[in-house]
Amino acid sequence: KTDFKKGCAEVQGGRQSSKHASHFVSDPGCPFPPTLDPTHKQSTMKTINFLLAAASAVGASAFFATSPNSRTVAPSISRTFGAARRPRPTPSSSSSLCMKHTLVLIRHGESTWNKENLFTGWVDVPLSEKGREEASAGGKLLKEGGYTFDVAYTSVLKRAIQTLWLALEELDLMYIPIVNTWRLNERHYGGLQGLNKQETVDKHGKDQVLIWRRSYDVPPPLVDRDSEHHPSNDPRYAGVDFPDEFTESLKTTSERFLPDWENVIGPRVKAGEKVLIAAHGNTLRALVKHLDGISEEEICGLNIPTGVPLVYELDDDLNVIPHPDAIAPLQGLYLGNLEEVRARIEGVANQTK
């Protein structure tokens, strides 16, 4: 204790003497504040060595102890004293450390042409009564789950627009901004649009129709500008340059939509906005293929049920945080009774059997 008081006195003495300009000299090699003279440097070094020895005697952990509530102090001390940093967590292990971003997808409810088992594509048909009920039920599930949204995206086709309106009505969120974009349209089915699915199977064979409907890069037959189904004959696509002969595969559907995800929608999600997308089976298949890293082969067998919200939690890099109750190969969570969801997925798959 006597030595400690002596050391403190030396420090105090150094402070007092440093007030006088006569003790300051020019010394480029000095490791201290640049102008203490050699006598005071030596005295200060002895004092510092003494204090470090005293800290060691009482235990370094006690010397640098922090209160339980001072959680931000310890990491800075570790970095100051050269402690090794922990490896950066992977996206799956960092979900509790980073901000979670919510994205919800919903396929439009059953349309009148879904009910009649017709290839629809870009034909603008409304929801059936069942489809309206599905859309409202999807909104109720979102409300029960406590979900809310800042902005919504949908296509320019009324079955998706109506689905979004009905869901937002249940959520009491009809005032939020809605962005309509043709890039969220269903894939264009070319020469199949308006045909009965089962009759097309009977005519061309199940395997051929399955290739047209579910292959990744094989499109249906083309339509030209003389066809009522060519988009150049629809005023809602005025200003969009389409080829003279047009149709789409899932691959080309992905190519026209994913730039919007990467450049517009994704950045809004990353910025913290809660986004709801009401769209179509194939544009949503294109998006989940991207989000979940699904292969071209596996995506061919994936079916998305109508009117069931699909919730994704994403990390700061927009990687999916897998949900334990996800239905593979998806990593997001379908809301509602999962057995009923599986039955509805099977119902979509059976449309051309």
# chains A, B, ... in the order shown; residues from 1 in each chain; ligands from 1

$ residues_around --residues "A:Gly145" --least-positions-apart "2" --cutoff "12 Å" --atoms "only C-alpha atoms" --output "tab-separated table (two decimals) with N, CA and C atoms, in the first residue's frame"
chain	number	residue	atom	x	y	z
A	104	VAL	N	-43.42	-12.67	-48.16
A	104	VAL	CA	-44.54	-13.60	-48.24
A	104	VAL	C	-45.02	-13.69	-49.69
A	138	GLY	N	-56.50	-16.91	-47.21
A	138	GLY	CA	-55.06	-16.64	-47.11
A	138	GLY	C	-54.80	-15.37	-46.32
A	139	GLY	N	-55.61	-14.33	-46.55
A	139	GLY	CA	-55.47	-13.10	-45.79
A	139	GLY	C	-55.74	-13.30	-44.31
A	140	LYS	N	-56.73	-14.12	-43.99
A	140	LYS	CA	-57.05	-14.40	-42.59
A	140	LYS	C	-55.88	-15.12	-41.90
A	141	LEU	N	-55.26	-16.06	-42.61
A	141	LEU	CA	-54.10	-16.76	-42.03
A	141	LEU	C	-52.97	-15.78	-41.73
A	142	LEU	N	-52.76	-14.84	-42.63
A	142	LEU	CA	-51.71	-13.84	-42.40
A	142	LEU	C	-52.05	-12.95	-41.21
A	143	LYS	N	-53.32	-12.58	-41.09
A	143	LYS	CA	-53.73	-11.74	-39.96
A	143	LYS	C	-53.57	-12.50	-38.65
A	147	TYR	N	-48.92	-10.95	-39.31
A	147	TYR	CA	-48.11	-10.38	-40.38
A	147	TYR	C	-48.66	-9.02	-40.82
A	148	THR	N	-47.75	-8.14	-41.18
A	148	THR	CA	-48.12	-6.85	-41.75
A	148	THR	C	-47.14	-6.54	-42.87
A	171	LEU	N	-56.47	-8.12	-44.00
A	171	LEU	CA	-55.40	-7.59	-43.16
A	171	LEU	C	-55.63	-6.13	-42.77
A	309	PRO	N	-50.58	-18.74	-48.21
A	309	PRO	CA	-49.39	-17.91	-48.01
A	309	PRO	C	-48.15	-18.76	-47.74
A	311	VAL	N	-44.36	-18.21	-46.41
A	311	VAL	CA	-43.58	-17.21	-45.69
A	311	VAL	C	-42.10	-17.58	-45.70
A	333	LEU	N	-42.23	-21.45	-45.04
A	333	LEU	CA	-43.32	-22.11	-44.33
A	333	LEU	C	-44.66	-21.76	-44.97
A	334	TYR	N	-45.42	-22.79	-45.35
A	334	TYR	CA	-46.82	-22.58	-45.73
A	334	TYR	C	-47.64	-22.40	-44.45
A	335	LEU	N	-48.49	-21.38	-44.43
A	335	LEU	CA	-49.35	-21.17	-43.28
A	335	LEU	C	-50.57	-22.09	-43.36
A	336	GLY	N	-51.12	-22.45	-42.21
A	336	GLY	CA	-52.30	-23.29	-42.17
A	336	GLY	C	-51.97	-24.74	-41.85

$ residues_around --residues "stretch 117-122 of chain A" --least-positions-apart "5" --cutoff "12 Å" --atoms "only C-alpha atoms" --output "VMD selection string"
chain A and resid 110 to 112 155 to 160 182 to 201 209 212 to 213 220 228 to 234 236 to 237 246 to 250 253 280 to 283 347 to 348 350 to 353

$ atom_distance --atom1 "atom CA of A:Glu129" --atom2 "atom CA of A:Leu166"
12.2 Å

$ residues_around --residues "A:Leu330" --least-positions-apart "4" --cutoff "9 Å" --atoms "only C-alpha atoms" --output "count of residues only"
7

$ closest_residue --among "A:Glu340, A:Asp325, A:Glu134, A:Asp224" --to "A:Arg107" --atoms "only C-alpha atoms"
A:Glu134

$ closest_residue --among "A:Leu258, A:Val125, A:Ala167, A:Ala279" --to "A:His108" --atoms "only C-alpha atoms"
A:Ala279

$ select_by_dssp --residues "stretch 75-312 of chain A" --states "helix (DSSP H, G or I)" --output "ChimeraX atom specification"
/A:75-80,112-115,129-144,158-171,182-184,190-192,197-204,206-214,231-233,235-237,250-270,281-292,296-299

$ select_by_dssp --residues "stretch 170-277 of chain A" --states "strand (DSSP E)" --output "number ranges by chain"
A: 178-180, 275-277
